[in-house]
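Peer 1: File name data_34.cif; file contents mmCIF, C-alpha atoms; full text below.
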```cif
data_query
loop_
_atom_site.label_atom_id
_atom_site.label_comp_id
_atom_site.auth_asym_id
_atom_site.auth_seq_id
_atom_site.Cartn_x
_atom_site.Cartn_y
_atom_site.Cartn_z
CA MET A 1 17.21 1.76 -62.59
CA THR A 2 16.00 -1.07 -60.35
CA ALA A 3 16.72 -4.59 -61.60
CA PHE A 4 13.74 -6.71 -60.60
CA SER A 5 13.88 -10.38 -59.65
CA THR A 6 11.30 -13.04 -58.89
CA SER A 7 9.28 -12.91 -55.66
CA PRO A 8 10.20 -15.30 -52.82
CA GLY A 9 8.85 -18.77 -53.47
CA THR A 10 8.65 -18.29 -57.23
CA ARG A 11 11.19 -18.79 -59.99
CA ASP A 12 11.58 -18.70 -63.74
CA ILE A 13 11.51 -22.10 -65.41
CA LEU A 14 13.95 -21.98 -68.31
CA ALA A 15 14.92 -24.62 -70.89
CA PRO A 16 15.73 -27.43 -70.59
CA ASP A 17 13.74 -27.60 -67.31
CA SER A 18 10.70 -26.00 -68.92
CA GLU A 19 10.77 -28.63 -71.68
CA ARG A 20 10.92 -31.32 -69.03
CA TRP A 21 7.85 -29.81 -67.36
CA ARG A 22 5.93 -29.91 -70.61
CA ALA A 23 7.01 -33.50 -71.25
CA PHE A 24 5.86 -34.40 -67.72
CA GLN A 25 2.42 -32.94 -68.40
CA ASN A 26 2.27 -34.61 -71.80
CA VAL A 27 2.91 -38.04 -70.28
CA PHE A 28 0.20 -37.41 -67.70
CA ALA A 29 -2.21 -36.30 -70.42
CA GLU A 30 -1.60 -39.54 -72.33
CA VAL A 31 -2.28 -41.67 -69.25
CA ALA A 32 -5.41 -39.70 -68.30
CA LEU A 33 -6.87 -39.58 -71.81
CA ALA A 34 -6.38 -43.33 -72.20
CA SER A 35 -8.68 -43.78 -69.19
CA GLY A 36 -11.45 -41.52 -70.47
CA TYR A 37 -10.58 -38.29 -68.65
CA ARG A 38 -11.16 -34.94 -70.36
CA TYR A 39 -9.12 -31.80 -69.82
CA ILE A 40 -10.43 -28.99 -67.60
CA ILE A 41 -8.83 -25.57 -67.02
CA PRO A 42 -10.29 -23.95 -63.88
CA PRO A 43 -9.63 -20.25 -63.21
CA MET A 44 -6.61 -19.36 -61.11
CA PHE A 45 -8.72 -17.42 -58.63
CA GLU A 46 -12.16 -18.01 -57.17
CA ASP A 47 -14.52 -16.56 -54.61
CA LEU A 48 -12.84 -17.06 -51.23
CA GLY A 49 -15.81 -19.15 -50.06
CA VAL A 50 -14.93 -21.92 -52.52
CA PHE A 51 -11.69 -22.62 -50.71
CA LEU A 52 -12.94 -22.08 -47.18
CA ARG A 53 -14.61 -25.49 -47.65
CA LEU A 54 -11.16 -27.03 -47.44
CA GLY A 55 -11.45 -26.77 -43.67
CA GLU A 56 -11.02 -23.97 -41.18
CA ALA A 57 -8.44 -26.00 -39.25
CA THR A 58 -6.17 -26.59 -42.23
CA ASP A 59 -2.99 -24.61 -42.71
CA VAL A 60 -4.08 -23.99 -46.29
CA VAL A 61 -6.97 -21.86 -45.05
CA THR A 62 -5.55 -20.39 -41.83
CA LYS A 63 -2.01 -19.56 -42.94
CA GLU A 64 -1.33 -20.14 -46.63
CA MET A 65 -4.20 -18.67 -48.66
CA TYR A 66 -3.45 -15.78 -50.98
CA ASP A 67 -6.74 -13.91 -50.52
CA PHE A 68 -7.57 -10.29 -51.23
CA GLU A 69 -10.37 -7.89 -52.09
CA ASP A 70 -10.56 -7.08 -55.79
CA LYS A 71 -11.51 -3.71 -57.26
CA GLY A 72 -15.16 -4.72 -57.24
CA GLY A 73 -15.14 -5.38 -53.51
CA ARG A 74 -15.25 -9.17 -53.90
CA ARG A 75 -13.24 -11.47 -51.61
CA ILE A 76 -11.01 -13.48 -53.94
CA ALA A 77 -8.37 -16.18 -53.40
CA LEU A 78 -5.71 -17.57 -55.69
CA ARG A 79 -6.38 -21.27 -55.86
CA PRO A 80 -4.34 -23.28 -53.33
CA GLU A 81 -5.53 -26.52 -54.98
CA GLN A 82 -7.90 -27.49 -57.79
CA THR A 83 -10.34 -30.05 -56.39
CA ALA A 84 -12.62 -27.39 -54.92
CA SER A 85 -12.55 -25.49 -58.21
CA VAL A 86 -13.51 -28.62 -60.14
CA CYS A 87 -16.41 -29.24 -57.75
CA ARG A 88 -17.54 -25.62 -58.12
CA ALA A 89 -17.43 -26.10 -61.91
CA PHE A 90 -19.57 -29.23 -61.54
CA VAL A 91 -22.16 -27.34 -59.52
CA GLU A 92 -22.19 -24.49 -62.03
CA HIS A 93 -22.34 -26.52 -65.25
CA ARG A 94 -23.99 -29.79 -64.13
CA PRO A 95 -22.26 -32.13 -66.61
CA VAL A 96 -23.44 -35.70 -67.15
CA THR A 97 -22.02 -38.13 -64.60
CA PRO A 98 -19.69 -39.84 -64.23
CA TRP A 99 -17.68 -36.70 -64.91
CA LYS A 100 -14.02 -37.62 -65.36
CA VAL A 101 -11.58 -34.71 -65.75
CA TRP A 102 -7.86 -34.10 -65.53
CA TYR A 103 -5.95 -30.88 -64.99
CA ALA A 104 -2.45 -29.43 -64.92
CA GLY A 105 -1.28 -26.05 -63.75
CA PRO A 106 -0.11 -23.78 -60.96
CA ASN A 107 -1.50 -23.34 -57.46
CA PHE A 108 -0.51 -20.78 -54.82
CA ARG A 109 0.22 -21.14 -51.12
CA TYR A 110 2.07 -18.77 -48.81
CA GLU A 111 4.43 -21.23 -47.16
CA LYS A 112 8.13 -21.32 -46.38
CA PRO A 113 10.07 -21.93 -49.61
CA GLN A 114 12.31 -25.00 -49.51
CA GLN A 115 13.50 -27.71 -51.86
CA GLY A 116 10.52 -29.06 -53.76
CA ARG A 117 8.12 -26.56 -52.14
CA TYR A 118 7.35 -23.18 -53.65
CA ARG A 119 4.65 -20.57 -53.21
CA GLN A 120 3.68 -21.05 -56.84
CA PHE A 121 3.75 -24.76 -57.54
CA ASP A 122 2.40 -26.98 -60.30
CA GLN A 123 0.33 -30.12 -59.97
CA VAL A 124 -1.35 -32.59 -62.27
CA GLY A 125 -4.42 -34.47 -61.14
CA VAL A 126 -7.77 -36.09 -61.88
CA GLU A 127 -11.25 -35.88 -60.39
CA VAL A 128 -14.26 -38.15 -60.90
CA LEU A 129 -17.71 -36.98 -59.78
CA GLY A 130 -20.93 -38.96 -59.59
CA VAL A 131 -19.70 -42.49 -58.80
CA ASP A 132 -19.58 -44.22 -55.40
CA ASP A 133 -17.89 -47.45 -56.39
CA PRO A 134 -14.80 -48.90 -54.67
CA HIS A 135 -13.58 -50.17 -58.03
CA LEU A 136 -13.38 -46.55 -59.19
CA ASP A 137 -11.26 -45.74 -56.13
CA ALA A 138 -8.87 -48.49 -57.21
CA GLU A 139 -8.88 -47.30 -60.82
CA VAL A 140 -8.01 -43.75 -59.79
CA ILE A 141 -5.16 -44.94 -57.56
CA ALA A 142 -3.91 -47.28 -60.30
CA LEU A 143 -3.88 -44.38 -62.77
CA ALA A 144 -1.45 -42.46 -60.57
CA ASP A 145 0.62 -45.61 -60.10
CA GLU A 146 0.75 -46.11 -63.89
CA PHE A 147 1.85 -42.51 -64.42
CA TYR A 148 4.76 -42.90 -62.01
CA ARG A 149 5.79 -46.06 -63.83
CA ARG A 150 5.60 -44.30 -67.17
CA LEU A 151 8.08 -41.75 -65.82
CA GLY A 152 10.40 -44.62 -64.92
CA LEU A 153 9.96 -44.35 -61.14
CA ARG A 154 10.23 -47.61 -59.20
CA LYS A 155 11.01 -46.47 -55.64
CA VAL A 156 7.49 -45.26 -54.88
CA GLU A 157 5.35 -46.66 -52.08
CA LEU A 158 1.58 -46.32 -51.74
CA ALA A 159 -0.19 -45.96 -48.38
CA ILE A 160 -3.99 -46.11 -48.11
CA ASN A 161 -6.56 -45.63 -45.37
CA SER A 162 -10.27 -45.07 -44.87
CA LEU A 163 -11.72 -42.18 -42.89
CA GLY A 164 -15.18 -43.69 -43.03
CA ASP A 165 -18.42 -41.85 -43.68
CA ALA A 166 -19.25 -38.47 -42.17
CA GLY A 167 -20.68 -40.04 -39.02
CA ASP A 168 -17.72 -42.38 -38.64
CA ARG A 169 -15.30 -39.51 -39.03
CA GLN A 170 -17.10 -37.46 -36.39
CA ARG A 171 -17.12 -40.32 -33.87
CA TYR A 172 -13.44 -40.85 -34.50
CA ALA A 173 -12.77 -37.13 -34.11
CA ASP A 174 -14.62 -37.13 -30.80
CA ALA A 175 -12.56 -40.07 -29.56
CA LEU A 176 -9.33 -38.38 -30.63
CA GLN A 177 -10.43 -35.17 -28.95
CA ALA A 178 -10.89 -36.99 -25.66
CA TYR A 179 -7.63 -38.92 -25.98
CA PHE A 180 -5.42 -36.01 -27.00
CA THR A 181 -7.01 -33.75 -24.39
CA ALA A 182 -6.07 -36.28 -21.73
CA HIS A 183 -2.47 -36.21 -23.04
CA LYS A 184 -2.41 -32.53 -23.93
CA ALA A 185 0.53 -31.72 -21.70
CA SER A 186 2.71 -34.11 -23.75
CA LEU A 187 1.83 -32.55 -27.09
CA SER A 188 3.80 -29.82 -28.81
CA ALA A 189 2.45 -26.29 -28.61
CA GLU A 190 1.55 -26.45 -32.30
CA SER A 191 -0.44 -29.66 -31.87
CA GLN A 192 -2.23 -28.22 -28.85
CA THR A 193 -3.39 -25.36 -31.06
CA THR A 194 -4.42 -27.81 -33.80
CA LEU A 195 -6.32 -29.92 -31.27
CA ALA A 196 -8.62 -27.03 -30.50
CA LYS A 197 -9.57 -26.82 -34.18
CA ASN A 198 -9.48 -30.39 -35.50
CA PRO A 199 -8.09 -33.39 -33.58
CA LEU A 200 -7.61 -35.42 -36.78
CA ARG A 201 -4.98 -32.95 -37.90
CA VAL A 202 -2.86 -33.82 -34.86
CA LEU A 203 -2.27 -37.21 -36.50
CA ASP A 204 -0.49 -35.38 -39.32
CA SER A 205 2.15 -33.93 -37.00
CA LYS A 206 5.74 -34.86 -37.89
CA ARG A 207 7.18 -33.29 -34.71
CA LYS A 208 9.17 -35.76 -32.60
CA GLU A 209 7.58 -34.80 -29.29
CA ASP A 210 4.13 -35.76 -30.63
CA GLN A 211 4.97 -39.22 -31.94
CA SER A 212 4.66 -41.24 -28.73
CA VAL A 213 1.24 -39.71 -28.01
CA ILE A 214 0.06 -40.28 -31.58
CA ALA A 215 1.22 -43.91 -31.45
CA GLY A 216 -1.24 -44.62 -28.64
CA ALA A 217 -4.21 -42.83 -30.21
CA PRO A 218 -7.42 -44.69 -31.14
CA LYS A 219 -7.49 -46.23 -34.61
CA ILE A 220 -10.02 -45.30 -37.28
CA GLU A 221 -10.90 -48.93 -38.02
CA GLU A 222 -12.61 -49.13 -34.63
CA PHE A 223 -15.14 -46.50 -35.77
CA LEU A 224 -15.91 -47.52 -39.36
CA SER A 225 -19.50 -48.41 -40.18
CA PRO A 226 -20.12 -51.80 -41.86
CA ALA A 227 -20.69 -50.03 -45.19
CA ALA A 228 -17.46 -48.07 -44.95
CA SER A 229 -15.54 -51.17 -43.86
CA GLU A 230 -16.83 -53.16 -46.83
CA HIS A 231 -16.07 -50.29 -49.22
CA PHE A 232 -12.48 -50.17 -48.00
CA ALA A 233 -12.13 -53.95 -48.14
CA GLU A 234 -13.27 -53.92 -51.77
CA VAL A 235 -10.81 -51.12 -52.62
CA LYS A 236 -8.01 -53.28 -51.24
CA ARG A 237 -9.21 -56.35 -53.12
CA SER A 238 -9.45 -54.39 -56.35
CA LEU A 239 -5.97 -52.88 -55.97
CA THR A 240 -4.56 -56.34 -55.37
CA GLY A 241 -6.34 -57.57 -58.50
CA LEU A 242 -4.77 -54.71 -60.47
CA GLY A 243 -1.31 -55.60 -59.21
CA VAL A 244 -0.89 -52.33 -57.29
CA SER A 245 1.13 -52.81 -54.09
CA PHE A 246 0.09 -50.87 -50.98
CA THR A 247 0.25 -50.72 -47.21
CA VAL A 248 -2.52 -49.61 -44.87
CA ASN A 249 -1.58 -46.57 -42.77
CA GLU A 250 -4.28 -45.95 -40.16
CA ARG A 251 -2.79 -42.54 -39.31
CA LEU A 252 -3.13 -41.23 -42.87
CA VAL A 253 -5.67 -38.40 -42.83
CA ARG A 254 -4.26 -36.12 -45.59
CA GLY A 255 -4.09 -32.36 -45.28
CA LEU A 256 -7.63 -31.24 -46.15
CA ASP A 257 -10.84 -31.65 -44.20
CA TYR A 258 -13.10 -32.74 -47.04
CA TYR A 259 -11.80 -36.32 -47.30
CA ARG A 260 -14.14 -39.26 -46.62
CA ARG A 261 -13.62 -42.99 -46.92
CA THR A 262 -10.61 -43.80 -49.15
CA THR A 263 -7.48 -41.68 -48.69
CA PHE A 264 -4.07 -42.45 -50.19
CA GLU A 265 -0.57 -41.07 -50.51
CA PHE A 266 2.47 -41.87 -52.66
CA VAL A 267 5.92 -41.54 -51.09
CA SER A 268 9.29 -41.67 -52.82
CA THR A 269 11.78 -43.81 -50.92
CA ALA A 270 14.53 -42.36 -53.12
CA LEU A 271 14.15 -38.95 -51.47
CA THR A 272 15.93 -38.25 -48.20
CA ALA A 273 14.46 -34.82 -47.41
CA ALA A 274 11.93 -34.28 -44.63
CA HIS A 275 9.09 -34.25 -47.16
CA THR A 276 8.98 -37.38 -49.31
CA ALA A 277 5.31 -37.42 -50.32
CA ILE A 278 5.01 -36.83 -54.06
CA GLY A 279 1.24 -37.10 -54.48
CA GLY A 280 -2.01 -38.25 -52.97
CA GLY A 281 -5.74 -37.85 -52.79
CA GLY A 282 -8.92 -39.52 -51.72
CA ARG A 283 -12.68 -39.57 -51.73
CA TYR A 284 -14.48 -36.32 -50.87
CA ASP A 285 -18.17 -37.23 -50.83
CA GLY A 286 -20.01 -34.17 -49.54
CA LEU A 287 -17.82 -31.43 -51.01
CA VAL A 288 -20.18 -30.78 -53.92
CA GLU A 289 -23.04 -30.30 -51.44
CA GLU A 290 -20.88 -27.87 -49.45
CA LEU A 291 -20.59 -25.81 -52.63
CA GLY A 292 -24.34 -25.71 -53.25
CA GLY A 293 -24.78 -28.75 -55.46
CA PRO A 294 -26.70 -32.02 -55.11
CA ALA A 295 -25.37 -34.96 -53.13
CA THR A 296 -22.54 -36.15 -55.39
CA PRO A 297 -19.73 -38.55 -54.55
CA GLY A 298 -16.24 -37.66 -55.75
CA ILE A 299 -12.68 -38.92 -55.73
CA GLY A 300 -9.41 -37.66 -57.14
CA PHE A 301 -5.74 -36.97 -56.60
CA ALA A 302 -3.08 -34.32 -57.16
CA LEU A 303 0.56 -35.08 -57.88
CA GLY A 304 3.26 -32.51 -57.22
CA LEU A 305 5.39 -31.74 -60.25
CA ASP A 306 8.45 -30.44 -58.38
CA ARG A 307 8.55 -33.25 -55.84
CA THR A 308 8.01 -35.90 -58.49
CA LEU A 309 10.82 -34.54 -60.64
CA LEU A 310 13.10 -34.56 -57.58
CA ALA A 311 12.21 -38.24 -57.19
CA CYS A 312 13.03 -38.76 -60.87
CA ASP A 313 16.41 -37.12 -60.34
CA ALA A 314 17.06 -39.32 -57.32
CA GLU A 315 16.34 -42.43 -59.41
CA GLY A 316 18.09 -41.12 -62.52
CA VAL A 317 15.00 -41.34 -64.74
CA PHE A 318 12.93 -39.05 -66.96
CA PRO A 319 15.62 -36.61 -68.11
CA ALA A 320 14.80 -33.41 -69.95
CA PRO A 321 13.98 -34.11 -73.60
CA ASN A 322 16.45 -33.06 -76.28
CA GLY A 323 15.21 -29.69 -77.48
CA ASP A 324 17.91 -29.21 -80.10
CA VAL A 325 16.89 -28.47 -83.68
CA SER A 326 17.81 -30.98 -86.38
CA VAL A 327 19.09 -28.55 -89.00
CA PHE A 328 20.92 -25.22 -88.87
CA VAL A 329 20.89 -23.12 -92.05
CA VAL A 330 23.98 -21.04 -92.82
CA ASP A 331 23.40 -18.28 -95.37
CA THR A 332 26.20 -15.89 -96.35
CA THR A 333 24.21 -14.12 -99.08
CA GLY A 334 22.11 -11.84 -96.90
CA GLY A 335 19.71 -14.21 -95.17
CA SER A 336 16.68 -14.40 -97.45
CA HIS A 337 17.56 -17.91 -98.61
CA ALA A 338 17.85 -19.09 -95.01
CA THR A 339 14.43 -17.62 -94.27
CA ARG A 340 12.79 -19.53 -97.10
CA LEU A 341 14.70 -22.75 -96.50
CA CYS A 342 13.81 -22.81 -92.80
CA ARG A 343 10.16 -22.36 -93.69
CA VAL A 344 10.29 -25.28 -96.14
CA LEU A 345 11.99 -27.56 -93.61
CA ARG A 346 9.65 -26.63 -90.76
CA GLY A 347 6.64 -27.15 -92.99
CA ALA A 348 7.89 -30.69 -93.62
CA GLY A 349 8.13 -31.34 -89.88
CA ILE A 350 11.91 -30.88 -89.63
CA SER A 351 13.06 -28.53 -86.87
CA ALA A 352 15.37 -25.85 -88.17
CA ASP A 353 17.07 -22.64 -87.03
CA ARG A 354 19.45 -20.03 -88.45
CA ALA A 355 21.62 -17.06 -87.53
CA PHE A 356 20.67 -13.43 -88.05
CA ASP A 357 22.31 -10.01 -88.40
CA GLY A 358 24.46 -10.94 -91.41
CA ARG A 359 27.11 -12.82 -89.46
CA SER A 360 30.21 -14.27 -91.10
CA MET A 361 30.46 -17.88 -92.21
CA LYS A 362 32.73 -18.62 -89.23
CA ALA A 363 30.28 -17.07 -86.74
CA GLN A 364 27.34 -18.91 -88.28
CA MET A 365 29.14 -22.27 -88.15
CA LYS A 366 29.92 -21.67 -84.46
CA ALA A 367 26.23 -20.94 -83.92
CA ALA A 368 25.38 -24.17 -85.74
CA ASP A 369 27.65 -26.15 -83.40
CA ARG A 370 26.13 -24.50 -80.32
CA SER A 371 22.60 -25.24 -81.52
CA GLY A 372 23.09 -28.99 -81.20
CA ALA A 373 21.87 -29.51 -84.76
CA LYS A 374 22.85 -32.69 -86.58
CA ILE A 375 23.09 -31.08 -90.01
CA ALA A 376 24.13 -27.74 -91.43
CA LEU A 377 22.76 -26.56 -94.77
CA ILE A 378 25.10 -23.97 -96.28
CA VAL A 379 24.07 -21.43 -98.88
CA GLY A 380 26.69 -19.15 -100.41
CA THR A 381 26.99 -17.18 -103.64
CA ASN A 382 28.06 -20.23 -105.65
CA GLU A 383 25.15 -22.27 -104.34
CA VAL A 384 22.65 -19.53 -105.21
CA GLU A 385 23.98 -19.35 -108.75
CA SER A 386 23.84 -23.14 -109.24
CA GLY A 387 20.55 -23.72 -107.34
CA SER A 388 22.31 -26.03 -104.91
CA ILE A 389 22.96 -26.41 -101.18
CA VAL A 390 25.91 -27.85 -99.27
CA MET A 391 24.71 -30.39 -96.70
CA ARG A 392 27.22 -31.07 -93.91
CA SER A 393 27.02 -33.59 -91.09
CA LEU A 394 28.05 -31.67 -87.98
CA SER A 395 29.18 -34.84 -86.22
CA SER A 396 31.45 -36.29 -88.93
CA GLY A 397 32.19 -33.18 -90.98
CA GLU A 398 31.29 -35.03 -94.18
CA GLN A 399 29.45 -32.94 -96.73
CA THR A 400 27.79 -33.24 -100.10
CA THR A 401 26.13 -30.89 -102.57
CA ILE A 402 22.42 -31.35 -103.20
CA ALA A 403 19.86 -29.66 -105.41
CA HIS A 404 17.87 -26.94 -103.65
CA GLY A 405 14.62 -28.76 -104.35
CA ASP A 406 15.93 -31.96 -102.78
CA ALA A 407 16.63 -30.41 -99.36
CA VAL A 408 13.75 -32.05 -97.51
CA SER A 409 14.31 -35.55 -98.87
CA ALA A 410 18.10 -35.37 -98.46
CA VAL A 411 17.88 -34.09 -94.87
CA THR A 412 15.26 -36.72 -94.00
CA GLN A 413 17.50 -39.49 -95.34
CA LEU A 414 20.62 -38.26 -93.55
CA LEU A 415 18.77 -37.89 -90.23
CA ALA A 416 17.46 -41.43 -90.64
CA ASN A 417 20.97 -42.71 -91.29
CA GLN A 418 22.18 -40.94 -88.15
CA GLY A 419 19.41 -42.52 -86.10
CA SER A 420 17.59 -39.24 -85.39
#
```
Can you turn what I pasted into structure tokens?
Peer 2:
Amino acid sequence: MTAFSTSPGTRDILAPDSERWRAFQNVFAEVALASGYRYIIPPMFEDLGVFLRLGEATDVVTKEMYDFEDKGGRRIALRPEQTASVCRAFVEHRPVTPWKVWYAGPNFRYEKPQQGRYRQFDQVGVEVLGVDDPHLDAEVIALADEFYRRLGLRKVELAINSLGDAGDRQRYADALQAYFTAHKASLSAESQTTLAKNPLRVLDSKRKEDQSVIAGAPKIEEFLSPAASEHFAEVKRSLTGLGVSFTVNERLVRGLDYYRRTTFEFVSTALTAAHTAIGGGGRYDGLVEELGGPATPGIGFALGLDRTLLACDAEGVFPAPNGDVSVFVVDTTGGSHATRLCRVLRGAGISADRAFDGRSMKAQMKAADRSGAKIALIVGTNEVESGSIVMRSLSSGEQTTIAHGDAVSAVTQLLANQGS
């Protein structure tokens, strides 16, 4: 019989890594909820048209989308990101603005698997719709910065830029088109192909042969309208006021075509791989209209779980939480007493486990040691007859006999004494 394994670019997340993932999402939830964001769970697949708005020149659309025809003849795509889904939800449900939401969950892109990059990958993020205020831009960026700090990360740098309004962006794109066309022979074959679709995306090239050409390209600040320039200036002032350090990177365009005005990216300087970005986002005024809604400004970010945890590993912070139970119940009388005792302990908020299949005392004590529990509660024939329990510290080996009805209070006291 065939033994199946995971598909390329996917993997099983087992404990303790899975517990670390959940802790990661819990920390993000705390930070987001403290700032007034509410949880949203978009579907994992949408009408293909929702994601085509990401930009026909983006790799996400041209190369990486998992799209297919379902049994009803509809063109469907697994979500490659969640911003477009959130905007579609806004159009469909028309919530009161400002609409502040946060999300966590998997996305899907058909790209080459490598360290920190998988075809099914998790992100956490926030979106705010209905507000065009530079102070909100700063608040959103500061929220991501706070989350990284809560994880213990310190070697994270923030780069920001402005792509201006739609007209500014188009004028800049036209100027880049002319410039890169004049230097086309010096560009890589990949960038020449990108140039034909979207000249801004050439700025994103990391290929060595493109860097000298990109270095001489026009700068976006030369094309910003007065309104866009003032918006960006106020974002910078607000970030400074919040104590968030940043640098301005005029080549930062991000990977999706819907960005306008503020764009930003967080990079881990602790990582040495080719890809050191661990999160980013920006303002996407106009995306809601693209999806059939009213003119609605929006801003948000997405932070990569895998990349961020790699950065945590590199800095030696945010380890997996201890998932060990506190108490292991050993029952040599058949198991029914262990069943009831575990239920009592768990009901009192004390984590507890036990062995099954009528194992010997020796086998059960080995299982107790492997469990990582601090305490073993032992029930044998003598204990059943006397209504007592033997409570043993698994670290010191010291033990005492307690009344069956005192199990919760005795365990609670011993765990407190042990600093648990």
Peer 1: Given the PyMOL selection byres ((chain A and resi 247-251) around 10) and the file above, list the residues it selects as a tab-separated table (two decimals) with C-alpha atoms, in the frame of the given file.
Peer 2:
```
chain	number	residue	atom	x	y	z
A	157	GLU	CA	5.35	-46.66	-52.08
A	158	LEU	CA	1.58	-46.32	-51.74
A	159	ALA	CA	-0.19	-45.96	-48.38
A	160	ILE	CA	-3.99	-46.11	-48.11
A	161	ASN	CA	-6.56	-45.63	-45.37
A	162	SER	CA	-10.27	-45.07	-44.87
A	163	LEU	CA	-11.72	-42.18	-42.89
A	200	LEU	CA	-7.61	-35.42	-36.78
A	201	ARG	CA	-4.98	-32.95	-37.90
A	202	VAL	CA	-2.86	-33.82	-34.86
A	203	LEU	CA	-2.27	-37.21	-36.50
A	204	ASP	CA	-0.49	-35.38	-39.32
A	214	ILE	CA	0.06	-40.28	-31.58
A	215	ALA	CA	1.22	-43.91	-31.45
A	217	ALA	CA	-4.21	-42.83	-30.21
A	218	PRO	CA	-7.42	-44.69	-31.14
A	219	LYS	CA	-7.49	-46.23	-34.61
A	220	ILE	CA	-10.02	-45.30	-37.28
A	221	GLU	CA	-10.90	-48.93	-38.02
A	236	LYS	CA	-8.01	-53.28	-51.24
A	245	SER	CA	1.13	-52.81	-54.09
A	246	PHE	CA	0.09	-50.87	-50.98
A	252	LEU	CA	-3.13	-41.23	-42.87
A	253	VAL	CA	-5.67	-38.40	-42.83
A	254	ARG	CA	-4.26	-36.12	-45.59
A	263	THR	CA	-7.48	-41.68	-48.69
A	264	PHE	CA	-4.07	-42.45	-50.19
A	265	GLU	CA	-0.57	-41.07	-50.51
```
Peer 1: Quick one: everything within 12 Å of A:Arg237, counting all atoms listed in the file, minus sequence neighbours fewer than 3 positions away in the same chain. Send it as a PDB file with C-alpha atoms, keeping the file's coordinate frame.
Peer 2:
```pdb
ATOM      1  CA  PRO A 134     -14.800 -48.900 -54.670  1.00  0.00           C
ATOM      2  CA  HIS A 135     -13.580 -50.170 -58.030  1.00  0.00           C
ATOM      3  CA  ASP A 137     -11.260 -45.740 -56.130  1.00  0.00           C
ATOM      4  CA  ALA A 138      -8.870 -48.490 -57.210  1.00  0.00           C
ATOM      5  CA  GLU A 139      -8.880 -47.300 -60.820  1.00  0.00           C
ATOM      6  CA  GLU A 230     -16.830 -53.160 -46.830  1.00  0.00           C
ATOM      7  CA  HIS A 231     -16.070 -50.290 -49.220  1.00  0.00           C
ATOM      8  CA  PHE A 232     -12.480 -50.170 -48.000  1.00  0.00           C
ATOM      9  CA  ALA A 233     -12.130 -53.950 -48.140  1.00  0.00           C
ATOM     10  CA  GLU A 234     -13.270 -53.920 -51.770  1.00  0.00           C
ATOM     11  CA  THR A 240      -4.560 -56.340 -55.370  1.00  0.00           C
ATOM     12  CA  GLY A 241      -6.340 -57.570 -58.500  1.00  0.00           C
ATOM     13  CA  LEU A 242      -4.770 -54.710 -60.470  1.00  0.00           C
ATOM     14  CA  GLY A 243      -1.310 -55.600 -59.210  1.00  0.00           C
ATOM     15  CA  VAL A 244      -0.890 -52.330 -57.290  1.00  0.00           C
ATOM     16  CA  SER A 245       1.130 -52.810 -54.090  1.00  0.00           C
ATOM     17  CA  PHE A 246       0.090 -50.870 -50.980  1.00  0.00           C
TER      18      PHE A 246
END
```
Peer 1: Between A:Ala295, A:Leu345, A:Leu303, A:Ala367, single out the one closest to A:Phe90, counting all atoms listed in the file.
Peer 2: A:Ala295
Peer 1: Calculated over only C-alpha atoms, which of the candidates A:Leu341, A:Met361, A:Ala416, A:Leu271 has the smallest distance to A:Ile389?
Peer 2: A:Leu341
Peer 1: Would you compute the distance between atom CA of A:Gly300 and atom CA of A:Gly116? Give it in Å to one decimal.
Peer 2: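 Atom CA of A:Gly116 lies at a distance of 22.0 Å from atom CA of A:Gly300.
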